[in-house]
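What's in input.txt: compact mmCIF, C-alpha atoms and all ligand atoms
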```txt
# COMPACT_ATOMS: atom_id res chain seq x y z
CA MET A 21 -12.50 -8.48 -5.63
CA THR A 22 -13.27 -4.80 -5.29
CA THR A 23 -15.65 -2.99 -7.61
CA ARG A 24 -13.53 0.14 -7.63
CA GLN A 25 -13.56 1.97 -10.96
CA PRO A 26 -12.63 5.43 -12.17
CA THR A 27 -15.34 7.99 -12.83
CA ALA A 28 -16.87 8.43 -16.31
CA PHE A 29 -14.15 11.02 -17.11
CA GLU A 30 -13.85 12.28 -20.68
CA SER A 31 -10.45 13.90 -20.58
CA ILE A 32 -7.15 13.56 -18.75
CA PRO A 33 -6.18 16.24 -16.21
CA ALA A 34 -2.80 18.02 -16.36
CA ILE A 35 -0.93 18.79 -13.16
CA ASP A 36 1.95 21.23 -12.80
CA ILE A 37 4.37 19.45 -10.46
CA ALA A 38 7.01 22.20 -10.18
CA PRO A 39 5.92 22.87 -6.55
CA LEU A 40 7.00 19.33 -5.58
CA PHE A 41 10.61 20.43 -6.20
CA GLY A 42 10.26 23.80 -4.46
CA SER A 43 9.96 25.05 -0.89
CA ASP A 44 6.48 26.62 -0.92
CA VAL A 45 4.69 24.31 1.49
CA GLN A 46 1.22 25.50 0.56
CA ALA A 47 1.80 25.08 -3.17
CA GLN A 48 3.19 21.63 -2.45
CA GLN A 49 0.10 20.64 -0.51
CA ALA A 50 -2.17 21.91 -3.31
CA THR A 51 -0.17 19.91 -5.87
CA ALA A 52 -0.35 16.78 -3.71
CA GLU A 53 -4.11 17.19 -3.44
CA ALA A 54 -4.44 17.53 -7.21
CA LEU A 55 -2.40 14.34 -7.64
CA GLY A 56 -4.62 12.53 -5.15
CA ARG A 57 -7.81 13.68 -6.88
CA ALA A 58 -6.57 12.57 -10.31
CA ALA A 59 -5.42 9.21 -8.91
CA ARG A 60 -8.86 8.56 -7.38
CA GLU A 61 -11.09 9.85 -10.14
CA VAL A 62 -9.19 9.04 -13.32
CA GLY A 63 -6.07 7.02 -12.54
CA PHE A 64 -4.35 8.87 -15.41
CA PHE A 65 -2.91 12.39 -15.67
CA TYR A 66 -0.27 14.48 -17.40
CA VAL A 67 2.50 16.00 -15.33
CA ILE A 68 3.99 19.20 -16.67
CA ASN A 69 7.03 21.15 -15.47
CA HIS A 70 8.59 17.83 -14.48
CA GLY A 71 12.09 19.24 -14.94
CA ILE A 72 13.52 16.69 -17.40
CA SER A 73 15.30 18.77 -20.03
CA GLU A 74 14.37 18.64 -23.71
CA ALA A 75 17.98 17.79 -24.54
CA ARG A 76 17.84 14.77 -22.23
CA GLN A 77 14.61 13.56 -23.88
CA GLN A 78 15.94 14.19 -27.38
CA ALA A 79 19.09 12.18 -26.65
CA LEU A 80 16.88 9.30 -25.50
CA PHE A 81 14.84 9.46 -28.73
CA ASP A 82 17.93 9.68 -30.95
CA GLN A 83 19.69 6.75 -29.31
CA THR A 84 16.55 4.63 -29.40
CA LYS A 85 16.09 5.34 -33.07
CA ARG A 86 19.68 4.32 -33.76
CA LEU A 87 19.15 1.05 -31.91
CA PHE A 88 15.94 0.03 -33.66
CA GLU A 89 17.36 0.95 -37.09
CA LEU A 90 20.00 -1.76 -36.72
CA PRO A 91 19.40 -4.98 -38.67
CA LEU A 92 17.46 -7.57 -36.67
CA GLN A 93 20.50 -9.82 -36.55
CA ARG A 94 22.53 -7.12 -34.78
CA LYS A 95 19.69 -6.36 -32.36
CA MET A 96 19.49 -10.06 -31.54
CA ASP A 97 23.05 -9.82 -30.18
CA TYR A 98 21.31 -8.15 -27.24
CA TYR A 99 18.33 -10.55 -27.13
CA ILE A 100 16.67 -10.52 -23.71
CA GLY A 101 16.58 -14.34 -23.78
CA LYS A 102 20.39 -14.34 -23.43
CA SER A 103 20.25 -12.36 -20.20
CA ASP A 104 19.77 -13.87 -16.77
CA ASN A 105 18.22 -10.73 -15.27
CA HIS A 106 15.71 -9.81 -17.96
CA ARG A 107 17.57 -7.04 -19.80
CA GLY A 108 17.95 -6.41 -23.50
CA TYR A 109 16.23 -6.53 -26.85
CA VAL A 110 12.67 -7.83 -27.15
CA PRO A 111 11.80 -8.72 -30.76
CA ALA A 112 8.24 -8.49 -32.09
CA GLY A 113 6.23 -11.53 -31.01
CA GLU A 114 8.40 -12.33 -27.96
CA GLU A 115 5.89 -10.93 -25.56
CA ALA A 116 2.38 -12.31 -25.64
CA PRO A 117 0.16 -11.34 -22.70
CA ASP A 118 -2.77 -12.57 -24.78
CA PRO A 119 -1.39 -15.25 -27.14
CA SER A 120 -4.37 -14.86 -29.49
CA LYS A 121 -3.41 -11.25 -30.33
CA ALA A 122 0.22 -10.43 -31.03
CA ASP A 123 1.36 -6.88 -30.30
CA ALA A 124 3.06 -5.16 -33.23
CA LYS A 125 6.04 -3.81 -31.34
CA GLU A 126 9.69 -4.34 -30.49
CA ALA A 127 11.32 -3.11 -27.29
CA PHE A 128 14.52 -2.75 -25.34
CA ASP A 129 14.34 -3.31 -21.59
CA LEU A 130 16.58 -1.90 -18.90
CA SER A 131 16.16 -1.32 -15.20
CA PHE A 132 17.68 -0.04 -11.96
CA GLU A 133 21.37 -0.82 -12.23
CA LEU A 134 22.97 -2.77 -9.36
CA PRO A 135 26.64 -3.82 -9.19
CA ASP A 136 27.59 -7.51 -9.34
CA ASP A 137 28.64 -7.53 -5.69
CA HIS A 138 25.32 -6.13 -4.46
CA PRO A 139 23.75 -8.60 -1.97
CA GLU A 140 20.57 -8.97 -4.06
CA VAL A 141 22.58 -9.77 -7.17
CA ARG A 142 24.75 -12.25 -5.28
CA ALA A 143 21.61 -13.86 -3.86
CA GLY A 144 20.29 -14.33 -7.41
CA THR A 145 17.15 -12.27 -6.81
CA PRO A 146 15.27 -12.27 -10.13
CA MET A 147 15.62 -9.21 -12.41
CA MET A 148 18.41 -7.63 -10.31
CA GLY A 149 21.84 -6.62 -11.61
CA ALA A 150 23.53 -4.88 -14.50
CA ASN A 151 21.97 -3.63 -17.71
CA VAL A 152 22.80 -4.89 -21.18
CA TRP A 153 24.03 -2.01 -23.34
CA PRO A 154 24.25 -2.01 -27.12
CA ASP A 155 27.51 -1.04 -28.72
CA ILE A 156 26.29 2.41 -29.84
CA ASP A 157 28.27 5.53 -29.02
CA GLY A 158 26.86 7.29 -25.95
CA PHE A 159 23.83 4.99 -25.74
CA ALA A 160 24.36 3.79 -22.17
CA ASP A 161 25.16 7.28 -20.85
CA ASP A 162 22.24 9.03 -22.57
CA VAL A 163 19.67 6.38 -21.78
CA TYR A 164 20.72 5.88 -18.17
CA ALA A 165 20.79 9.65 -17.61
CA TYR A 166 17.13 9.74 -18.67
CA TYR A 167 16.47 6.78 -16.38
CA GLN A 168 17.88 8.63 -13.39
CA ASP A 169 15.93 11.79 -14.19
CA VAL A 170 12.61 10.05 -14.65
CA PHE A 171 13.24 7.89 -11.57
CA ALA A 172 13.72 11.10 -9.54
CA VAL A 173 10.40 12.43 -10.85
CA GLY A 174 8.85 9.14 -9.72
CA ARG A 175 10.23 9.61 -6.20
CA ALA A 176 8.82 13.15 -6.14
CA LEU A 177 5.40 11.87 -7.20
CA MET A 178 5.51 9.15 -4.57
CA GLY A 179 6.15 11.86 -1.97
CA GLY A 180 3.16 13.78 -3.35
CA PHE A 181 0.95 10.68 -3.07
CA GLU A 182 2.07 10.16 0.55
CA GLN A 183 1.03 13.71 1.30
CA ALA A 184 -2.26 13.36 -0.58
CA LEU A 185 -3.08 10.24 1.41
CA GLY A 186 -2.12 11.86 4.71
CA LEU A 187 0.57 9.22 5.31
CA GLU A 188 3.61 9.76 7.48
CA ALA A 189 6.67 10.71 5.40
CA ASN A 190 8.53 7.65 4.06
CA THR A 191 5.62 5.25 4.41
CA LEU A 192 5.74 4.73 0.64
CA LEU A 193 9.09 6.33 -0.23
CA GLY A 194 10.75 3.85 2.15
CA GLU A 195 9.48 1.07 -0.15
CA VAL A 196 11.00 2.43 -3.37
CA THR A 197 14.76 2.56 -2.76
CA GLU A 198 16.28 0.08 -5.27
CA PRO A 199 13.22 -1.26 -7.03
CA PRO A 200 13.13 -3.42 -10.15
CA SER A 201 11.68 -0.42 -12.03
CA GLN A 202 11.94 -1.11 -15.68
CA LEU A 203 12.38 1.50 -18.40
CA ARG A 204 11.20 0.20 -21.75
CA LEU A 205 12.18 1.72 -25.07
CA ILE A 206 9.27 0.70 -27.30
CA HIS A 207 9.05 0.96 -31.07
CA TYR A 208 5.71 0.57 -32.81
CA PRO A 209 6.63 0.36 -36.50
CA TYR A 210 4.25 1.62 -39.14
CA ASP A 211 3.31 -1.32 -41.27
CA PRO A 212 0.55 -0.61 -43.79
CA ASN A 213 -0.03 -4.34 -44.25
CA ALA A 214 -0.55 -5.14 -40.59
CA GLN A 215 -4.19 -4.11 -40.71
CA ASP A 216 -5.36 -6.02 -37.67
CA ALA A 217 -2.38 -5.73 -35.37
CA GLN A 218 -3.00 -3.60 -32.33
CA GLY A 219 -0.22 -1.52 -30.81
CA ILE A 220 -0.59 -3.05 -27.37
CA GLY A 221 -3.65 -4.78 -25.92
CA ALA A 222 -5.76 -3.56 -22.99
CA HIS A 223 -4.12 -4.00 -19.58
CA THR A 224 -3.26 -2.35 -16.28
CA ASP A 225 0.37 -1.88 -15.25
CA TYR A 226 1.66 -4.05 -12.39
CA GLU A 227 3.71 -1.46 -10.51
CA CYS A 228 2.93 1.57 -8.31
CA PHE A 229 2.56 3.87 -11.30
CA THR A 230 4.02 4.46 -14.74
CA LEU A 231 5.66 7.60 -16.15
CA LEU A 232 5.33 7.54 -19.90
CA ARG A 233 6.89 9.71 -22.59
CA PRO A 234 5.38 8.83 -26.00
CA THR A 235 6.40 10.46 -29.29
CA ALA A 236 2.99 10.33 -31.00
CA PRO A 237 -0.73 9.81 -30.27
CA GLY A 238 -2.25 6.34 -29.89
CA LEU A 239 -2.78 5.84 -26.16
CA GLU A 240 -6.34 5.26 -24.94
CA VAL A 241 -7.71 4.70 -21.43
CA MET A 242 -10.94 3.16 -20.25
CA ASN A 243 -13.24 5.25 -18.09
CA GLY A 244 -15.68 3.99 -15.47
CA ALA A 245 -18.44 3.80 -18.07
CA GLY A 246 -16.35 1.33 -20.08
CA GLU A 247 -15.63 3.85 -22.88
CA TRP A 248 -12.21 4.27 -24.49
CA VAL A 249 -10.95 7.85 -24.04
CA ASP A 250 -8.11 9.23 -26.15
CA VAL A 251 -5.00 10.57 -24.41
CA PRO A 252 -3.98 13.39 -26.77
CA TYR A 253 -0.26 13.67 -27.41
CA ARG A 254 1.62 16.44 -25.58
CA ASP A 255 5.32 17.01 -26.01
CA ASP A 256 5.64 18.97 -22.76
CA ALA A 257 4.29 16.29 -20.44
CA LEU A 258 4.78 12.83 -19.01
CA VAL A 259 1.66 10.70 -18.85
CA VAL A 260 1.28 9.09 -15.43
CA ASN A 261 -1.02 6.19 -14.69
CA ILE A 262 -1.70 4.38 -11.44
CA GLY A 263 -0.72 0.69 -11.38
CA ASP A 264 -1.80 -2.35 -9.39
CA MET A 265 0.53 -1.79 -6.42
CA LEU A 266 -0.82 1.65 -5.51
CA GLU A 267 -4.35 0.41 -6.04
CA ILE A 268 -3.65 -2.32 -3.48
CA TRP A 269 -1.86 -0.06 -0.96
CA THR A 270 -4.79 2.35 -1.05
CA ASN A 271 -7.34 -0.49 -0.91
CA GLY A 272 -8.73 0.66 -4.24
CA ALA A 273 -8.97 4.38 -3.47
CA PHE A 274 -6.45 4.99 -6.29
CA VAL A 275 -7.43 3.24 -9.50
CA ALA A 276 -5.16 1.27 -11.82
CA THR A 277 -6.88 2.33 -15.02
CA SER A 278 -7.00 -0.01 -17.99
CA HIS A 279 -5.32 1.29 -21.15
CA ARG A 280 -4.19 0.23 -24.63
CA VAL A 281 -2.38 1.55 -27.69
CA ARG A 282 -4.42 1.58 -30.86
CA LYS A 283 -3.10 0.64 -34.27
CA VAL A 284 -0.60 3.30 -35.26
CA LYS A 285 -0.91 5.44 -38.36
CA GLU A 286 2.67 6.64 -38.02
CA GLU A 287 5.85 5.30 -36.59
CA ARG A 288 5.71 5.65 -32.82
CA TYR A 289 8.13 5.29 -29.94
CA SER A 290 7.24 5.31 -26.29
CA PHE A 291 9.19 5.26 -23.07
CA PRO A 292 7.41 3.96 -19.98
CA LEU A 293 9.20 3.88 -16.63
CA PHE A 294 7.33 1.35 -14.50
CA PHE A 295 7.86 2.72 -11.02
CA ALA A 296 7.83 -0.41 -8.84
CA ALA A 297 8.18 -1.12 -5.12
CA ASP A 298 11.35 -2.78 -3.83
CA TYR A 299 11.58 -6.49 -4.61
CA HIS A 300 10.93 -7.60 -1.03
CA SER A 301 8.19 -5.05 -0.26
CA GLN A 302 4.94 -6.51 0.92
CA VAL A 303 2.14 -4.62 -0.76
CA ALA A 304 -1.14 -4.78 1.16
CA PRO A 305 -3.91 -2.30 1.98
CA LEU A 306 -2.41 0.11 4.52
CA PRO A 307 -4.35 -0.22 7.80
CA GLN A 308 -4.05 3.54 8.46
CA LEU A 309 -5.95 4.22 5.22
CA LEU A 310 -8.89 1.96 6.06
CA LYS A 311 -11.90 3.90 7.26
CA ASP A 312 -14.03 2.66 10.16
CA GLY A 313 -15.49 -0.70 9.26
CA GLU A 314 -13.66 -0.86 5.92
CA THR A 315 -12.04 -4.22 5.25
CA PRO A 316 -9.08 -4.96 2.96
CA ASN A 317 -10.20 -5.74 -0.58
CA TYR A 318 -6.86 -7.27 -1.64
CA GLU A 319 -4.59 -10.08 -0.51
CA PRO A 320 -1.03 -9.01 0.32
CA LEU A 321 1.44 -9.26 -2.54
CA SER A 322 5.21 -9.57 -2.62
CA ALA A 323 6.12 -6.80 -5.07
CA GLY A 324 9.08 -8.52 -6.72
CA ASP A 325 7.51 -11.97 -6.84
CA HIS A 326 4.40 -10.48 -8.44
CA LEU A 327 6.41 -8.70 -11.12
CA TRP A 328 8.55 -11.75 -11.77
CA ALA A 329 5.52 -14.05 -11.99
CA GLN A 330 3.75 -11.74 -14.43
CA THR A 331 6.92 -11.43 -16.49
CA ILE A 332 7.46 -15.21 -16.62
CA GLN A 333 3.92 -15.66 -17.88
CA THR A 334 4.18 -13.13 -20.70
CA PHE A 335 7.65 -13.59 -22.26
CA ASN A 336 8.15 -16.59 -24.52
CA TYR A 337 11.78 -17.19 -23.51
CA LEU A 338 10.72 -17.31 -19.84
CA LYS A 339 7.73 -19.56 -20.55
CA LYS A 340 10.21 -21.93 -22.14
CA ARG A 341 12.61 -21.76 -19.19
CA LEU A 342 9.64 -22.50 -16.93
CA ALA A 343 8.53 -25.46 -19.06
CA ASP A 344 12.13 -26.76 -19.09
CA GLY A 345 12.29 -26.56 -15.29
CA GLU A 346 15.09 -23.95 -15.32
CA ILE A 347 13.01 -21.47 -13.32
CA GLU A 348 9.98 -21.69 -11.07
CA LEU A 349 6.97 -19.46 -10.56
CA PRO A 350 7.19 -17.76 -7.14
CA ASP A 351 4.87 -19.13 -4.45
CA GLY A 352 1.39 -17.65 -4.58
CA ALA A 353 1.84 -16.32 -8.14
CA ARG A 354 -1.33 -15.09 -9.77
CA GLY A 355 -2.29 -15.73 -13.34
CA ALA A 356 -1.35 -13.06 -15.88
CA GLY A 357 -3.84 -10.18 -16.01
CA THR A 358 -5.98 -11.34 -13.10
CA LEU A 359 -5.49 -8.29 -10.92
CA GLY A 360 -6.89 -4.79 -11.02
CA GLN A 361 -9.45 -3.02 -13.08
CA HIS A 362 -8.54 -4.73 -16.32
CA ALA A 363 -9.53 -8.11 -14.93
CA ARG A 364 -12.93 -6.60 -14.16
CA HIS A 365 -13.30 -5.17 -17.66
CA LYS A 366 -11.90 -8.11 -19.55
CA ASP A 367 -15.06 -8.94 -21.42
CA GLU A 368 -15.49 -5.39 -22.65
CA ALA A 369 -11.90 -4.83 -23.81
O1 LIG B 401 3.14 2.99 -25.60
C1 LIG B 401 2.31 3.46 -24.83
O2 LIG B 401 1.83 4.58 -25.00
C2 LIG B 401 1.83 2.68 -23.63
C3 LIG B 401 2.63 1.45 -23.34
C4 LIG B 401 2.06 0.68 -22.19
O3 LIG B 401 0.95 0.88 -21.77
C5 LIG B 401 2.87 -0.34 -21.52
O4 LIG B 401 3.94 -0.70 -22.06
O5 LIG B 401 2.46 -0.81 -20.45
FE FE B 402 0.75 0.04 -19.76
```

Using structure tokens, write down the structure that the file contains.
Amino acid sequence: MTTRQPTAFESIPAIDIAPLFGSDVQAQQATAEALGRAAREVGFFYVINHGISEARQQALFDQTKRLFELPLQRKMDYYIGKSDNHRGYVPAGEEAPDPSKADAKEAFDLSFELPDDHPEVRAGTPMMGANVWPDIDGFADDVYAYYQDVFAVGRALMGGFEQALGLEANTLLGEVTEPPSQLRLIHYPYDPNAQDAQGIGAHTDYECFTLLRPTAPGLEVMNGAGEWVDVPYRDDALVVNIGDMLEIWTNGAFVATSHRVRKVKEERYSFPLFFAADYHSQVAPLPQLLKDGETPNYEPLSAGDHLWAQTIQTFNYLKKRLADGEIELPDGARGAGTLGQHARHKDEA
């Protein structure tokens, strides 16, 4: 296991990504370099001028609020445990990465939409297929429009990372065409009695990177000195953090930084898009990024199998399906939370 860690940063950089969508080649290169620096040194940054309209974001917030305001019984009509491709409503307590500490949150999970006759769906590839949509006026349209916008920002960032790493065009973009990239609508309720419940425990994200739009403060990240650093709320930015897959591809040059959500003093929603690699992508340190004499620090990983294995091990309904023999862990699956910087910091978190 590598010893790669971020620096002892004390704040999170902000990067204007407008040049990624423009034609000024020099400005684009400078932006890519800023992205690369932030990914190496901090693993977390804000992106501003990302181009997703306020109206689009507001529609996402409004629809999400309408969903979570429904009585639990109605929300359970869309229970994720009824789906065969991991879509739908996640009640509080369903997800337990660390069974000793329950997260105080509920969520609604959707992902890249594929038609029923798509070869991956027909082949029964885990997590592929159609979304589950609640019966709320305009919900599917508004939420999926945000999905498409934030997915496009993810593709632009991936292009910036390629450039920052000096990779040939499409080396990484060619691996993110129809990925199982989940968008989660998360609701952290304010409960004055839940004194000890954390928002979400310390972890790294499994994918290439995450694009997060929160609605309130609460996010904290761990720096290389093992200190928790606050990520102040900004309404004009997406918070981006590097995940396990980019850490592996770059042999640890980019850092999947450990993060958590502290106990919330106000009601909070957040919207992470987990920008994953395609299901069948093999994620391994890229030979062209290894310097003379440098050896790979990571075993290759099948992107989809890794995600699926981690998901099976954290959702109660999937743990039950596994115990009942209805599903199997993919070959070579790792234990939950055994990869990346968080595994190295576990004792401190
Ligand atoms: O809600 C947040 O701010 C972060 C959520 C998060 O880290 C996650 O779901 O992986
Ligand atoms: Fe996360």

* Asked: ligand FE 402 (chain B): which residues are within 8 Å, counting all atoms listed in the file, as a ChimeraX atom specification?
  -> /A:223-225,230,278-280,292

May I have the residues from that selection written out with C-alpha atoms, as a PDB file, keeping the file's coordinate frame?
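That gives us part37.pdb:
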```pdb
ATOM      1  CA  HIS A 223      -4.120  -4.000 -19.580  1.00  0.00           C
ATOM      2  CA  THR A 224      -3.260  -2.350 -16.280  1.00  0.00           C
ATOM      3  CA  ASP A 225       0.370  -1.880 -15.250  1.00  0.00           C
ATOM      4  CA  THR A 230       4.020   4.460 -14.740  1.00  0.00           C
ATOM      5  CA  SER A 278      -7.000  -0.010 -17.990  1.00  0.00           C
ATOM      6  CA  HIS A 279      -5.320   1.290 -21.150  1.00  0.00           C
ATOM      7  CA  ARG A 280      -4.190   0.230 -24.630  1.00  0.00           C
ATOM      8  CA  PRO A 292       7.410   3.960 -19.980  1.00  0.00           C
TER       9      PRO A 292
END
```

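Each of A:Glu287, A:Gly313, A:Pro200, A:Thr84 was compared to A:Thr145 using only C-alpha atoms, and A:Pro200 turns out to be the nearest.
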
* Test item: residues lying within 10 Å of ligand LIG 401 (chain B) with only C-alpha atoms and all ligand atoms, as a ChimeraX atom specification -> /A:125,127,203-208,219-226,230-241,251,253,259,261,263,278-282,288-294

For the selection just defined, write its residues with C-alpha atoms to a file, as an mmCIF file, keeping the file's coordinate frame.
```
data_model
loop_
_atom_site.group_PDB
_atom_site.id
_atom_site.type_symbol
_atom_site.label_atom_id
_atom_site.label_comp_id
_atom_site.auth_asym_id
_atom_site.auth_seq_id
_atom_site.Cartn_x
_atom_site.Cartn_y
_atom_site.Cartn_z
ATOM 1 C CA LYS A 125 6.040 -3.810 -31.340
ATOM 2 C CA ALA A 127 11.320 -3.110 -27.290
ATOM 3 C CA LEU A 203 12.380 1.500 -18.400
ATOM 4 C CA ARG A 204 11.200 0.200 -21.750
ATOM 5 C CA LEU A 205 12.180 1.720 -25.070
ATOM 6 C CA ILE A 206 9.270 0.700 -27.300
ATOM 7 C CA HIS A 207 9.050 0.960 -31.070
ATOM 8 C CA TYR A 208 5.710 0.570 -32.810
ATOM 9 C CA GLY A 219 -0.220 -1.520 -30.810
ATOM 10 C CA ILE A 220 -0.590 -3.050 -27.370
ATOM 11 C CA GLY A 221 -3.650 -4.780 -25.920
ATOM 12 C CA ALA A 222 -5.760 -3.560 -22.990
ATOM 13 C CA HIS A 223 -4.120 -4.000 -19.580
ATOM 14 C CA THR A 224 -3.260 -2.350 -16.280
ATOM 15 C CA ASP A 225 0.370 -1.880 -15.250
ATOM 16 C CA TYR A 226 1.660 -4.050 -12.390
ATOM 17 C CA THR A 230 4.020 4.460 -14.740
ATOM 18 C CA LEU A 231 5.660 7.600 -16.150
ATOM 19 C CA LEU A 232 5.330 7.540 -19.900
ATOM 20 C CA ARG A 233 6.890 9.710 -22.590
ATOM 21 C CA PRO A 234 5.380 8.830 -26.000
ATOM 22 C CA THR A 235 6.400 10.460 -29.290
ATOM 23 C CA ALA A 236 2.990 10.330 -31.000
ATOM 24 C CA PRO A 237 -0.730 9.810 -30.270
ATOM 25 C CA GLY A 238 -2.250 6.340 -29.890
ATOM 26 C CA LEU A 239 -2.780 5.840 -26.160
ATOM 27 C CA GLU A 240 -6.340 5.260 -24.940
ATOM 28 C CA VAL A 241 -7.710 4.700 -21.430
ATOM 29 C CA VAL A 251 -5.000 10.570 -24.410
ATOM 30 C CA TYR A 253 -0.260 13.670 -27.410
ATOM 31 C CA VAL A 259 1.660 10.700 -18.850
ATOM 32 C CA ASN A 261 -1.020 6.190 -14.690
ATOM 33 C CA GLY A 263 -0.720 0.690 -11.380
ATOM 34 C CA SER A 278 -7.000 -0.010 -17.990
ATOM 35 C CA HIS A 279 -5.320 1.290 -21.150
ATOM 36 C CA ARG A 280 -4.190 0.230 -24.630
ATOM 37 C CA VAL A 281 -2.380 1.550 -27.690
ATOM 38 C CA ARG A 282 -4.420 1.580 -30.860
ATOM 39 C CA ARG A 288 5.710 5.650 -32.820
ATOM 40 C CA TYR A 289 8.130 5.290 -29.940
ATOM 41 C CA SER A 290 7.240 5.310 -26.290
ATOM 42 C CA PHE A 291 9.190 5.260 -23.070
ATOM 43 C CA PRO A 292 7.410 3.960 -19.980
ATOM 44 C CA LEU A 293 9.200 3.880 -16.630
ATOM 45 C CA PHE A 294 7.330 1.350 -14.500
#
```

* To do: Skip stretch 26-42 of chain A itself and residues of its chain fewer than 2 positions away, then list as a list in words all residues within 6 Å of it, counting all atoms listed in the file.
  =>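 Close residues of stretch 26-42 of chain A: Asp44, Ala47, Gln48, Glu61, Val62, Phe65, Tyr66, Val67, Ile68, Asn69, Asn243, Gly244 and Ala245 of chain A.
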
* Can you work out the spacing between atom CA of A:Thr315 and atom CA of A:Glu267 in Å, to one decimal? =>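 It comes out at 14.4 Å.
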
Generate the missing atoms of stretch 179-192 of chain A up to N, CA and C atoms and report them as a PDB file, in the frame of the given file.
```pdb
ATOM      1  N   GLY A 179       6.255  10.964  -3.120  1.00  0.00           N
ATOM      2  CA  GLY A 179       6.150  11.860  -1.970  1.00  0.00           C
ATOM      3  C   GLY A 179       4.833  12.634  -2.002  1.00  0.00           C
ATOM      4  N   GLY A 180       4.429  13.073  -3.194  1.00  0.00           N
ATOM      5  CA  GLY A 180       3.160  13.780  -3.350  1.00  0.00           C
ATOM      6  C   GLY A 180       1.969  12.883  -2.988  1.00  0.00           C
ATOM      7  N   PHE A 181       2.043  11.622  -3.402  1.00  0.00           N
ATOM      8  CA  PHE A 181       0.950  10.680  -3.070  1.00  0.00           C
ATOM      9  C   PHE A 181       0.878  10.460  -1.554  1.00  0.00           C
ATOM     10  N   GLU A 182       2.055  10.322  -0.915  1.00  0.00           N
ATOM     11  CA  GLU A 182       2.070  10.160   0.550  1.00  0.00           C
ATOM     12  C   GLU A 182       1.316  11.305   1.206  1.00  0.00           C
ATOM     13  N   GLN A 183       1.644  12.511   0.720  1.00  0.00           N
ATOM     14  CA  GLN A 183       1.030  13.710   1.300  1.00  0.00           C
ATOM     15  C   GLN A 183      -0.475  13.711   1.017  1.00  0.00           C
ATOM     16  N   ALA A 184      -0.841  13.373  -0.211  1.00  0.00           N
ATOM     17  CA  ALA A 184      -2.260  13.360  -0.580  1.00  0.00           C
ATOM     18  C   ALA A 184      -3.043  12.373   0.275  1.00  0.00           C
ATOM     19  N   LEU A 185      -2.398  11.283   0.638  1.00  0.00           N
ATOM     20  CA  LEU A 185      -3.080  10.240   1.410  1.00  0.00           C
ATOM     21  C   LEU A 185      -3.012  10.499   2.911  1.00  0.00           C
ATOM     22  N   GLY A 186      -2.276  11.553   3.297  1.00  0.00           N
ATOM     23  CA  GLY A 186      -2.120  11.860   4.710  1.00  0.00           C
ATOM     24  C   GLY A 186      -1.241  10.837   5.437  1.00  0.00           C
ATOM     25  N   LEU A 187      -0.322  10.219   4.710  1.00  0.00           N
ATOM     26  CA  LEU A 187       0.570   9.220   5.310  1.00  0.00           C
ATOM     27  C   LEU A 187       1.799   9.888   5.903  1.00  0.00           C
ATOM     28  N   GLU A 188       2.359   9.281   6.909  1.00  0.00           N
ATOM     29  CA  GLU A 188       3.610   9.760   7.480  1.00  0.00           C
ATOM     30  C   GLU A 188       4.698   9.696   6.404  1.00  0.00           C
ATOM     31  N   ALA A 189       5.598  10.687   6.403  1.00  0.00           N
ATOM     32  CA  ALA A 189       6.670  10.710   5.400  1.00  0.00           C
ATOM     33  C   ALA A 189       7.426   9.376   5.419  1.00  0.00           C
ATOM     34  N   ASN A 190       7.767   8.897   4.257  1.00  0.00           N
ATOM     35  CA  ASN A 190       8.530   7.650   4.060  1.00  0.00           C
ATOM     36  C   ASN A 190       7.723   6.362   4.150  1.00  0.00           C
ATOM     37  N   THR A 191       6.434   6.467   4.405  1.00  0.00           N
ATOM     38  CA  THR A 191       5.620   5.250   4.410  1.00  0.00           C
ATOM     39  C   THR A 191       5.730   4.544   3.057  1.00  0.00           C
ATOM     40  N   LEU A 192       5.617   5.311   1.979  1.00  0.00           N
ATOM     41  CA  LEU A 192       5.740   4.730   0.640  1.00  0.00           C
ATOM     42  C   LEU A 192       7.148   4.911   0.074  1.00  0.00           C
TER      43      LEU A 192
END
```
